[in-house]
Structures are given as structure tokens and as C-alpha cells.
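With mmCIF, C-alpha atoms inside, this is upload_7.cif:
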data_entry
#
loop_
_atom_site.label_atom_id
_atom_site.label_comp_id
_atom_site.auth_asym_id
_atom_site.auth_seq_id
_atom_site.Cartn_x
_atom_site.Cartn_y
_atom_site.Cartn_z
CA MET A 26 1.25 28.94 -16.28
CA LYS A 27 2.78 29.50 -12.84
CA LEU A 28 6.07 27.77 -12.09
CA LYS A 29 8.00 27.64 -8.83
CA ILE A 30 11.66 28.29 -9.52
CA GLY A 31 14.60 27.98 -7.13
CA ILE A 32 18.04 29.50 -7.67
CA SER A 33 20.92 30.63 -5.50
CA PRO A 34 21.44 34.30 -4.55
CA CYS A 35 24.91 34.22 -6.13
CA PRO A 36 25.77 36.70 -8.92
CA ASN A 37 25.96 34.09 -11.68
CA ASP A 38 22.37 32.94 -11.05
CA THR A 39 20.91 36.42 -10.54
CA PHE A 40 22.74 37.65 -13.64
CA ILE A 41 21.39 34.79 -15.74
CA PHE A 42 17.80 34.90 -14.46
CA HIS A 43 17.32 38.66 -13.97
CA ALA A 44 15.71 39.30 -17.36
CA LEU A 45 13.42 36.27 -17.08
CA LEU A 46 12.27 37.01 -13.52
CA ASN A 47 11.71 40.70 -14.22
CA HIS A 48 9.96 40.20 -17.58
CA LEU A 49 12.62 42.04 -19.56
CA ILE A 50 12.08 39.34 -22.15
CA ASP A 51 8.78 37.95 -23.37
CA VAL A 52 8.04 35.05 -21.01
CA ASP A 53 4.95 34.03 -22.96
CA THR A 54 2.24 32.70 -20.61
CA PHE A 55 4.64 31.77 -17.81
CA GLU A 56 4.70 33.31 -14.36
CA PHE A 57 7.72 32.49 -12.20
CA GLU A 58 7.55 32.42 -8.41
CA VAL A 59 11.20 32.54 -7.32
CA SER A 60 12.89 31.36 -4.13
CA PHE A 61 16.54 32.05 -3.31
CA ALA A 62 18.51 29.52 -1.25
CA ASP A 63 21.97 28.04 -0.78
CA VAL A 64 22.91 25.13 -3.01
CA GLN A 65 22.31 22.35 -0.47
CA SER A 66 18.86 23.72 0.38
CA LEU A 67 18.06 23.72 -3.34
CA ASN A 68 19.35 20.16 -3.63
CA GLU A 69 17.13 19.09 -0.75
CA GLY A 70 14.19 21.00 -2.21
CA ALA A 71 14.61 19.15 -5.48
CA GLN A 72 14.72 15.81 -3.68
CA ALA A 73 11.47 16.75 -1.93
CA GLY A 74 9.91 17.89 -5.23
CA ASP A 75 9.37 21.45 -3.96
CA PHE A 76 10.18 23.22 -7.24
CA ASP A 77 9.12 23.09 -10.86
CA ILE A 78 12.42 24.52 -12.08
CA VAL A 79 15.49 24.49 -9.82
CA LYS A 80 19.25 24.93 -9.81
CA ILE A 81 20.96 21.87 -8.32
CA SER A 82 24.46 20.54 -7.97
CA TYR A 83 25.46 18.17 -10.75
CA GLY A 84 26.52 15.93 -7.89
CA ASN A 85 22.84 15.61 -6.93
CA LEU A 86 21.52 14.96 -10.42
CA TRP A 87 21.35 11.19 -10.08
CA ASN A 88 19.33 11.44 -6.90
CA VAL A 89 16.51 13.34 -8.63
CA GLN A 90 16.76 12.09 -12.22
CA ASN A 91 13.46 10.19 -12.07
CA GLN A 92 11.53 13.32 -11.10
CA TYR A 93 13.57 16.01 -12.86
CA GLY A 94 15.23 16.33 -16.26
CA LEU A 95 18.27 18.48 -16.97
CA LEU A 96 17.97 21.59 -19.12
CA TYR A 97 20.73 22.69 -21.48
CA SER A 98 20.89 26.32 -20.34
CA GLY A 99 21.39 28.34 -17.16
CA GLY A 100 23.93 26.20 -15.35
CA ALA A 101 27.45 26.71 -14.02
CA MET A 102 30.24 24.81 -15.73
CA GLY A 103 33.66 25.80 -16.95
CA TYR A 104 37.38 25.95 -16.38
CA GLY A 105 39.21 27.41 -13.39
CA CYS A 106 35.99 27.73 -11.40
CA GLY A 107 36.01 24.76 -9.05
CA PRO A 108 35.77 24.67 -5.25
CA LEU A 109 38.83 25.47 -3.16
CA LEU A 110 39.94 23.47 -0.13
CA LEU A 111 41.18 26.13 2.29
CA SER A 112 42.78 26.23 5.73
CA ALA A 113 43.03 28.93 8.33
CA LYS A 114 46.47 27.65 9.38
CA GLU A 115 48.55 26.06 6.63
CA ASN A 116 48.67 24.64 3.09
CA ASN A 117 48.15 21.05 4.25
CA LEU A 118 45.07 19.12 5.30
CA ASP A 119 44.90 17.96 8.93
CA PRO A 120 43.16 14.54 8.93
CA ASN A 121 42.17 14.97 12.58
CA ILE A 122 40.09 18.11 11.95
CA PRO A 123 36.79 17.91 10.01
CA VAL A 124 36.55 19.58 6.61
CA GLY A 125 33.56 21.90 6.35
CA VAL A 126 31.60 20.99 3.21
CA PRO A 127 28.65 22.95 1.71
CA GLY A 128 26.30 19.95 1.53
CA GLU A 129 26.51 16.20 1.10
CA ASN A 130 25.09 16.15 -2.43
CA THR A 131 27.08 19.06 -3.82
CA THR A 132 29.55 18.76 -6.65
CA ALA A 133 32.09 20.26 -4.25
CA ASN A 134 31.75 17.21 -2.01
CA ALA A 135 32.10 14.87 -5.01
CA LEU A 136 35.27 16.67 -6.11
CA LEU A 137 36.68 16.45 -2.59
CA LYS A 138 36.14 12.67 -2.65
CA PHE A 139 37.69 12.51 -6.14
CA TRP A 140 40.84 14.30 -4.92
CA ALA A 141 41.08 12.36 -1.66
CA THR A 142 40.74 9.02 -3.46
CA GLY A 143 43.32 9.96 -6.08
CA GLU A 144 45.80 11.26 -3.55
CA ARG A 145 44.98 8.69 -0.84
CA VAL A 146 44.03 11.37 1.63
CA ILE A 147 42.08 10.49 4.78
CA TYR A 148 39.62 13.10 6.05
CA LYS A 149 36.28 13.57 7.80
CA THR A 150 33.51 16.03 7.03
CA GLU A 151 30.98 18.38 8.60
CA TYR A 152 28.19 19.91 6.53
CA ALA A 153 27.03 23.54 6.65
CA SER A 154 25.85 26.25 4.25
CA PHE A 155 28.56 27.78 2.06
CA ASP A 156 28.29 31.27 3.57
CA GLU A 157 28.46 29.91 7.12
CA LEU A 158 31.56 27.89 6.27
CA TYR A 159 33.54 30.85 5.01
CA ARG A 160 32.44 33.06 7.87
CA ASP A 161 33.54 30.42 10.38
CA LEU A 162 36.84 29.91 8.57
CA PHE A 163 37.51 33.64 8.50
CA ASN A 164 36.57 34.05 12.18
CA GLY A 165 38.70 31.10 13.28
CA ASP A 166 35.73 28.94 14.29
CA ARG A 167 36.72 26.33 11.70
CA THR A 168 40.15 25.25 10.51
CA GLN A 169 39.57 23.84 7.02
CA CYS A 170 36.65 24.14 4.61
CA LEU A 171 35.56 23.83 1.02
CA VAL A 172 34.88 27.28 -0.39
CA ILE A 173 32.70 28.05 -3.41
CA HIS A 174 31.30 31.15 -5.13
CA GLU A 175 32.59 34.68 -4.50
CA ASN A 176 35.01 33.82 -1.71
CA ARG A 177 37.47 32.23 -4.10
CA PHE A 178 38.35 35.84 -4.97
CA THR A 179 38.86 37.01 -1.38
CA TYR A 180 40.54 34.20 0.54
CA GLU A 181 44.13 35.39 0.03
CA GLN A 182 43.42 38.91 1.23
CA ASP A 183 41.59 37.35 4.17
CA GLY A 184 44.75 35.53 5.23
CA LEU A 185 43.63 31.99 4.39
CA TYR A 186 45.70 29.19 2.84
CA LEU A 187 45.03 27.02 -0.22
CA ILE A 188 45.32 23.28 0.33
CA CYS A 189 44.02 22.30 -3.12
CA ASP A 190 42.12 23.80 -6.02
CA LEU A 191 39.77 20.85 -6.54
CA GLY A 192 38.56 22.14 -9.89
CA GLU A 193 42.10 22.36 -11.19
CA TYR A 194 42.71 18.81 -9.97
CA TRP A 195 39.56 17.62 -11.79
CA GLU A 196 40.65 19.31 -15.03
CA GLU A 197 44.13 17.78 -14.85
CA LYS A 198 42.80 14.27 -14.29
CA THR A 199 39.79 14.29 -16.64
CA GLU A 200 40.61 16.98 -19.26
CA ALA A 201 36.96 18.03 -18.92
CA PRO A 202 35.30 21.25 -17.74
CA ILE A 203 34.05 21.34 -14.16
CA PRO A 204 30.29 20.56 -13.93
CA LEU A 205 29.17 22.56 -10.91
CA GLY A 206 25.42 23.12 -11.11
CA GLY A 207 22.64 22.75 -13.66
CA ILE A 208 18.99 23.70 -14.07
CA VAL A 209 16.43 20.91 -13.93
CA ALA A 210 12.71 20.83 -14.73
CA ARG A 211 10.03 18.52 -13.38
CA ARG A 212 9.48 15.74 -15.88
CA ASP A 213 5.72 15.87 -15.36
CA LEU A 214 5.67 19.37 -16.89
CA GLY A 215 6.25 17.68 -20.22
CA GLU A 216 8.90 18.14 -22.89
CA ASP A 217 7.18 21.12 -24.54
CA VAL A 218 7.24 23.18 -21.33
CA ALA A 219 10.84 22.13 -20.63
CA LYS A 220 11.89 23.26 -24.12
CA LYS A 221 10.12 26.62 -23.76
CA VAL A 222 11.62 27.32 -20.33
CA ASP A 223 15.06 26.26 -21.56
CA SER A 224 14.72 28.68 -24.47
CA LEU A 225 13.66 31.49 -22.11
CA ILE A 226 16.66 30.91 -19.85
CA ARG A 227 18.97 31.02 -22.86
CA GLU A 228 17.29 34.24 -23.99
CA SER A 229 17.63 35.65 -20.48
CA VAL A 230 21.40 35.08 -20.31
CA GLU A 231 21.84 36.49 -23.81
CA PHE A 232 19.91 39.59 -22.72
CA ALA A 233 22.21 39.88 -19.69
CA TRP A 234 25.32 39.72 -21.87
CA LYS A 235 23.97 42.43 -24.14
CA ASN A 236 22.73 44.63 -21.27
CA PRO A 237 25.11 44.00 -18.33
CA GLY A 238 24.12 47.18 -16.50
CA GLU A 239 20.45 46.24 -16.26
CA SER A 240 20.95 43.61 -13.56
CA LYS A 241 23.47 45.37 -11.27
CA ALA A 242 21.02 46.43 -8.55
CA PHE A 243 19.25 43.05 -8.61
CA ILE A 244 22.56 41.19 -8.27
CA LYS A 245 23.81 43.35 -5.39
CA GLU A 246 20.50 42.99 -3.59
CA HIS A 247 21.06 39.24 -3.26
CA ALA A 248 24.87 38.84 -3.29
CA GLN A 249 26.96 37.82 -0.30
CA GLU A 250 29.87 39.99 -1.48
CA THR A 251 28.68 43.34 -2.88
CA GLU A 252 32.05 44.73 -4.01
CA THR A 253 31.61 45.55 -7.71
CA SER A 254 34.95 44.07 -8.79
CA ILE A 255 34.21 40.77 -7.01
CA ILE A 256 30.75 40.53 -8.58
CA LYS A 257 32.22 41.23 -12.01
CA SER A 258 34.91 38.58 -11.53
CA HIS A 259 32.32 36.09 -10.28
CA ILE A 260 30.08 36.56 -13.31
CA GLY A 261 33.03 36.49 -15.69
CA LEU A 262 34.15 33.16 -14.28
CA TYR A 263 30.87 31.31 -13.84
CA VAL A 264 28.76 32.66 -16.72
CA ASN A 265 30.15 31.50 -20.05
CA ASP A 266 29.20 29.62 -23.20
CA PHE A 267 28.22 26.59 -21.11
CA SER A 268 25.59 28.79 -19.43
CA ALA A 269 23.86 29.29 -22.76
CA HIS A 270 24.14 25.61 -23.73
CA VAL A 271 26.16 22.79 -22.19
CA GLY A 272 27.20 21.52 -25.64
CA ASN A 273 29.16 18.35 -26.32
CA LYS A 274 32.02 19.21 -23.96
CA GLY A 275 29.51 19.78 -21.21
CA LYS A 276 27.86 16.44 -21.83
CA ILE A 277 31.27 14.75 -21.64
CA ALA A 278 31.95 16.47 -18.31
CA ILE A 279 28.59 15.32 -16.93
CA GLY A 280 29.40 11.81 -18.10
CA ARG A 281 32.76 11.90 -16.30
CA LEU A 282 31.06 12.99 -13.09
CA GLN A 283 28.47 10.24 -13.53
CA GLN A 284 31.26 7.67 -13.77
CA LEU A 285 32.55 8.98 -10.43
CA ILE A 286 29.25 9.28 -8.54
CA ALA A 287 26.73 6.97 -10.17
CA PRO A 288 28.32 4.54 -12.66
CA GLU A 289 25.22 2.34 -12.47
CA PHE A 290 23.18 4.87 -14.44
CA GLY A 291 23.33 4.49 -18.19
CA ASP A 292 23.29 6.97 -21.03
CA VAL A 293 23.81 10.64 -20.09
CA LYS A 294 21.13 11.55 -22.64
CA SER A 295 18.48 10.07 -20.35
CA LEU A 296 19.29 12.71 -17.72
CA PHE A 297 18.00 15.53 -19.92
CA ALA A 298 14.40 16.74 -19.94
CA TYR A 299 14.10 16.42 -23.73
#
Go ahead and render the structure in this file as C-alpha cells.
Amino acid sequence: MKLKIGISPCPNDTFIFHALLNHLIDVDTFEFEVSFADVQSLNEGAQAGDFDIVKISYGNLWNVQNQYGLLYSGGAMGYGCGPLLLSAKENNLDPNIPVGVPGENTTANALLKFWATGERVIYKTEYASFDELYRDLFNGDRTQCLVIHENRFTYEQDGLYLICDLGEYWEEKTEAPIPLGGIVARRDLGEDVAKKVDSLIRESVEFAWKNPGESKAFIKEHAQETETSIIKSHIGLYVNDFSAHVGNKGKIAIGRLQQLIAPEFGDVKSLFAY
């Protein structure tokens, strides 16, 4: 059975999916055709129904929940791993200058709104891909941006300033882990296929933990930052127990985000594929 799968090129995703995509585990009768893209492109691809299995922002989950169901494994959730609001000039937000945001439907954008509402901050936004945002910020072409992924480890040495750690703010206010991105499967694949794929993803991340050296070349091939220490820090932060299974704490975090973004939707259980 051939399935189109979409993930980001970031080290956490390539680390998790390396064994599955390269048949280092028994993938049964499945064949995976993979596409790599930034998170907003994946969100838009899911909304267009372009993938069978795809990594999306939790902030986009309610937009696609009729067509896709959430899997329990393979996602990014945790503590101390949220988006950073950075400036090229100072530690304060300038309301007259747009904030660069890596996509309208990203969890990063939802957390920015959560912070701004809580702190009564006025701001305006411009959307661009996450790698473009950081490059523009570093080059002085933008003044303030939301930064995700590897660049949280490099911004200080690059001479940038922290306005707010939005993940830390979320944790303080909700006492829940930060739900960044999850893996969803087309509902028309059926529950049996969703369960099998979910199990394979869990097996793939467990293989990666046991054999961390196997995926190094694959990760560097796709990573934005190829420095070994940064890749290691990235994986250590974003790949954790929640990546193997969201668990009860993860479900609570998703529920908290739902209350923020889409309170009209009911039980969190209905968001899952099975």
C-alpha cells in the first residue's frame, strides 16, 4: 500500500522517521513516498488533502479534523521547546513593526496570540517560511520575528534579542506541555491502517533512540543547521516520550490549545484517528 507522507526537514522529524522511510524496520506492505516542506506548507497541504500521512501544527488541527485524524506517535510536544519572539534591536516588541510569523495556522502563531492577549500587547503580523524569517532577522531585513526549530540554539551568538519565550509563557499559564506539531492520517484510510502506521512510527522512533548513529547522514542532508552539537540539542529537546505517545498529559495540552483556538469543538478524543 503506497502512502504519501509529508514531514519537515528538521532534525526531530528526520530522526523519528529515518528508520521507517529507509526500511530499517519492517514496514509490512506499506510504501512511503515522502515530501519535505516547511510547517506552513505542510499545513496547507493537509488542508488541500495532498497527503495520506502528514506532520501539521497542532494549531491547524481543527481546520483539518474532518479529513484527518491525529495519531499518537511522531509529533513534537514538550517543555522548554516553544517558539521564541526575537528582535534584531532590543528586548521589547515594537507595535509599529510587523512580527514575522512562520504561517497563519501554526502553533507558533496561536501562542503569539495567547501571549499578546494575556499581556494586552498590540501587534501586527507578516507571514513567511521559518527559515526565511530567521535569515531576514539575522541579515537585518526584518526587525522582529517568531523563531522555531534549530535557531533557538543560535540566536544569542547571532546577536539577537529575546522579547519572550512563548513556550515558557504557555507553560506558566497552563501548566501543560507545549503542543507544537502532530502526525495526522487521512480518515478514509480507515482505523486499521491508522493503527498500523502509528505503530510503525513508534517503532521507528524507538529504533532511532537505540541506534542514534544510523540517522546522522540522513539528518544532516536535510537540516538547515548542520553543526553536530546543534542537531544533537535539537533532537534532545524535541524528541521525547511524547514523540512515542502523547499520553494523558499530551491530551490535556491539546485540550488546552483547543480551548484557545477552537472552543466550539467538543471532545478531544474525536480528533484522533482511532
Might you spell out which residues the PyMOL selection byres ((chain A and resi 31) around 7) would select in the displayed file, as an MDAnalysis selection string?
chainID A and resid 29:30 32 59:61 67 76 78:80
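Using only C-alpha atoms for every distance, the candidate list A:Glu151, A:Asp223, A:Glu69, A:Glu175 yields A:Glu151 as the residue closest to A:Ile122.
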I need the residue set behind the PyMOL selection byres ((chain A and resi 276) around 12) for this file; please write it as number ranges by chain.
A: 83, 95-97, 102, 201-204, 207, 267, 270-275, 277-283, 292-297
Fewer than 3 positions away in the same chain doesn't count, so skip those; otherwise give me all residues within 8 Å of A:Gly94, counting all atoms listed in the file, as a PyMOL selection string.
chain A and resi 90-91+209-212+296-299
Residue IDs satisfying the PyMOL selection byres ((chain A and resi 119) around 12), as a VMD selection string
chain A and resid 110 to 118 120 to 124 146 to 150 168 to 170 188
Between A:Phe42, A:Phe290, A:Tyr180, A:Tyr93, which has the minimum distance to A:Ile244 (counting all atoms listed in the file)?
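Comparing A:Phe42, A:Phe290, A:Tyr180, A:Tyr93 against A:Ile244, the winner is A:Phe42.
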A:Phe55, A:Asp77, A:Phe163, A:Glu144: which is nearest A:Thr179, counting all atoms listed in the file?
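The answer is A:Phe163, which sits nearest to A:Thr179.
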When you look at A:Lys245 with a cut-off of 12 Å (counting all atoms listed in the file), what residues show up, excluding the ones that are within fewer than 2 positions of it in the same chain? I need them as a PDB file with C-alpha atoms, in the frame of the given file.
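Final file, around.pdb:
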ATOM      1  CA  PRO A  34      21.440  34.300  -4.550  1.00  0.00           C
ATOM      2  CA  CYS A  35      24.910  34.220  -6.130  1.00  0.00           C
ATOM      3  CA  PRO A  36      25.770  36.700  -8.920  1.00  0.00           C
ATOM      4  CA  ASN A  37      25.960  34.090 -11.680  1.00  0.00           C
ATOM      5  CA  ASP A  38      22.370  32.940 -11.050  1.00  0.00           C
ATOM      6  CA  THR A  39      20.910  36.420 -10.540  1.00  0.00           C
ATOM      7  CA  PHE A  40      22.740  37.650 -13.640  1.00  0.00           C
ATOM      8  CA  HIS A  43      17.320  38.660 -13.970  1.00  0.00           C
ATOM      9  CA  GLY A 238      24.120  47.180 -16.500  1.00  0.00           C
ATOM     10  CA  GLU A 239      20.450  46.240 -16.260  1.00  0.00           C
ATOM     11  CA  SER A 240      20.950  43.610 -13.560  1.00  0.00           C
ATOM     12  CA  LYS A 241      23.470  45.370 -11.270  1.00  0.00           C
ATOM     13  CA  ALA A 242      21.020  46.430  -8.550  1.00  0.00           C
ATOM     14  CA  PHE A 243      19.250  43.050  -8.610  1.00  0.00           C
ATOM     15  CA  HIS A 247      21.060  39.240  -3.260  1.00  0.00           C
ATOM     16  CA  ALA A 248      24.870  38.840  -3.290  1.00  0.00           C
ATOM     17  CA  GLN A 249      26.960  37.820  -0.300  1.00  0.00           C
ATOM     18  CA  GLU A 250      29.870  39.990  -1.480  1.00  0.00           C
ATOM     19  CA  THR A 251      28.680  43.340  -2.880  1.00  0.00           C
ATOM     20  CA  GLU A 252      32.050  44.730  -4.010  1.00  0.00           C
ATOM     21  CA  THR A 253      31.610  45.550  -7.710  1.00  0.00           C
ATOM     22  CA  SER A 254      34.950  44.070  -8.790  1.00  0.00           C
ATOM     23  CA  ILE A 255      34.210  40.770  -7.010  1.00  0.00           C
ATOM     24  CA  ILE A 256      30.750  40.530  -8.580  1.00  0.00           C
ATOM     25  CA  LYS A 257      32.220  41.230 -12.010  1.00  0.00           C
TER      26      LYS A 257
END
Restricting the calculation to all atoms listed in the file, which member of A:Leu158, A:Val172, A:Leu225, A:Ala71 is positioned closest to A:Glu56?
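That would be A:Leu225, the residue with the smallest distance to A:Glu56.
Remark: for A:Asn130, the closest of the candidate residues A:Leu191, A:Leu205, A:Cys106, A:Val264 is A:Leu205 (distances computed over only C-alpha atoms).
One finds atom CA of A:Ile260 at 29.7 Å from atom CA of A:Glu216.
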Can you tell me how far atom CA of A:Pro127 sits from atom CA of A:Gly107, in Å to one decimal?
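Interatomic distance here is 13.2 Å.
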Non-local contacts of A:Phe57 (9 Å; only C-alpha atoms; under 6 positions in same chain excluded) as an mmCIF file with C-alpha atoms, in the frame of the given file:
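Dumped everything to around.cif:
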data_model
loop_
_atom_site.group_PDB
_atom_site.id
_atom_site.type_symbol
_atom_site.label_atom_id
_atom_site.label_comp_id
_atom_site.auth_asym_id
_atom_site.auth_seq_id
_atom_site.Cartn_x
_atom_site.Cartn_y
_atom_site.Cartn_z
ATOM 1 C CA MET A 26 1.250 28.940 -16.280
ATOM 2 C CA LYS A 27 2.780 29.500 -12.840
ATOM 3 C CA LEU A 28 6.070 27.770 -12.090
ATOM 4 C CA LYS A 29 8.000 27.640 -8.830
ATOM 5 C CA ILE A 30 11.660 28.290 -9.520
ATOM 6 C CA LEU A 45 13.420 36.270 -17.080
ATOM 7 C CA LEU A 46 12.270 37.010 -13.520
#
Mind giving me the straight-line distance from atom CA of A:Gly99 to atom CA of A:Leu86 in Å, one decimal?
15.0 Å
Around all the atoms of stretch 237-250 of chain A listed in the file, draw an axis-aligned box and extend it by 8 Å on each of the six sides; I want its centre and edge lengths in Å to one decimal, as JSON.
{"center_x": 24.6, "center_y": 42.5, "center_z": -9.3, "size_x": 26.6, "size_y": 25.4, "size_z": 34.0}
Please return stretch 132-156 of chain A, rebuilt to N, CA and C atoms, as a short mmCIF file (atom, residue, chain, number, x, y, z; two decimals), in the frame of the given file.
data_model
loop_
_atom_site.label_atom_id
_atom_site.label_comp_id
_atom_site.auth_asym_id
_atom_site.auth_seq_id
_atom_site.Cartn_x
_atom_site.Cartn_y
_atom_site.Cartn_z
N THR A 132 28.42 19.13 -5.82
CA THR A 132 29.55 18.76 -6.65
C THR A 132 30.85 18.97 -5.91
N ALA A 133 30.90 20.00 -5.05
CA ALA A 133 32.09 20.26 -4.25
C ALA A 133 32.46 19.04 -3.43
N ASN A 134 31.49 18.40 -2.81
CA ASN A 134 31.75 17.21 -2.01
C ASN A 134 32.25 16.06 -2.89
N ALA A 135 31.66 15.93 -4.08
CA ALA A 135 32.10 14.87 -5.01
C ALA A 135 33.55 15.10 -5.44
N LEU A 136 33.90 16.37 -5.69
CA LEU A 136 35.27 16.67 -6.11
C LEU A 136 36.27 16.48 -4.97
N LEU A 137 35.83 16.72 -3.74
CA LEU A 137 36.68 16.45 -2.59
C LEU A 137 36.98 14.95 -2.50
N LYS A 138 35.95 14.13 -2.67
CA LYS A 138 36.14 12.67 -2.65
C LYS A 138 37.05 12.23 -3.80
N PHE A 139 36.88 12.84 -4.97
CA PHE A 139 37.69 12.51 -6.14
C PHE A 139 39.17 12.77 -5.86
N TRP A 140 39.46 13.94 -5.26
CA TRP A 140 40.84 14.30 -4.92
C TRP A 140 41.39 13.38 -3.83
N ALA A 141 40.60 13.17 -2.79
CA ALA A 141 41.08 12.36 -1.66
C ALA A 141 41.37 10.93 -2.08
N THR A 142 40.51 10.38 -2.97
CA THR A 142 40.74 9.02 -3.46
C THR A 142 42.00 8.96 -4.31
N GLY A 143 42.15 9.94 -5.20
CA GLY A 143 43.32 9.96 -6.08
C GLY A 143 44.62 10.16 -5.35
N GLU A 144 44.58 10.95 -4.30
CA GLU A 144 45.80 11.26 -3.55
C GLU A 144 45.93 10.46 -2.25
N ARG A 145 44.98 9.54 -2.03
CA ARG A 145 44.98 8.69 -0.84
C ARG A 145 45.01 9.51 0.45
N VAL A 146 44.13 10.48 0.48
CA VAL A 146 44.03 11.37 1.63
C VAL A 146 42.88 10.90 2.52
N ILE A 147 43.12 10.83 3.81
CA ILE A 147 42.08 10.49 4.78
C ILE A 147 41.55 11.78 5.40
N TYR A 148 40.22 11.89 5.49
CA TYR A 148 39.62 13.10 6.05
C TYR A 148 38.24 12.77 6.59
N LYS A 149 37.67 13.68 7.35
CA LYS A 149 36.28 13.57 7.80
C LYS A 149 35.58 14.89 7.53
N THR A 150 34.25 14.86 7.47
CA THR A 150 33.51 16.03 7.03
C THR A 150 32.47 16.49 8.05
N GLU A 151 32.13 17.78 7.94
CA GLU A 151 30.98 18.38 8.60
C GLU A 151 30.28 19.24 7.57
N TYR A 152 28.94 19.19 7.54
CA TYR A 152 28.19 19.91 6.53
C TYR A 152 27.58 21.19 7.09
N ALA A 153 27.63 22.25 6.29
CA ALA A 153 27.03 23.54 6.65
C ALA A 153 26.82 24.33 5.37
N SER A 154 26.08 25.42 5.44
CA SER A 154 25.85 26.25 4.25
C SER A 154 27.15 26.95 3.86
N PHE A 155 27.29 27.25 2.57
CA PHE A 155 28.56 27.78 2.06
C PHE A 155 28.94 29.10 2.71
N ASP A 156 27.96 29.98 2.97
CA ASP A 156 28.29 31.27 3.57
C ASP A 156 28.70 31.11 5.04
#
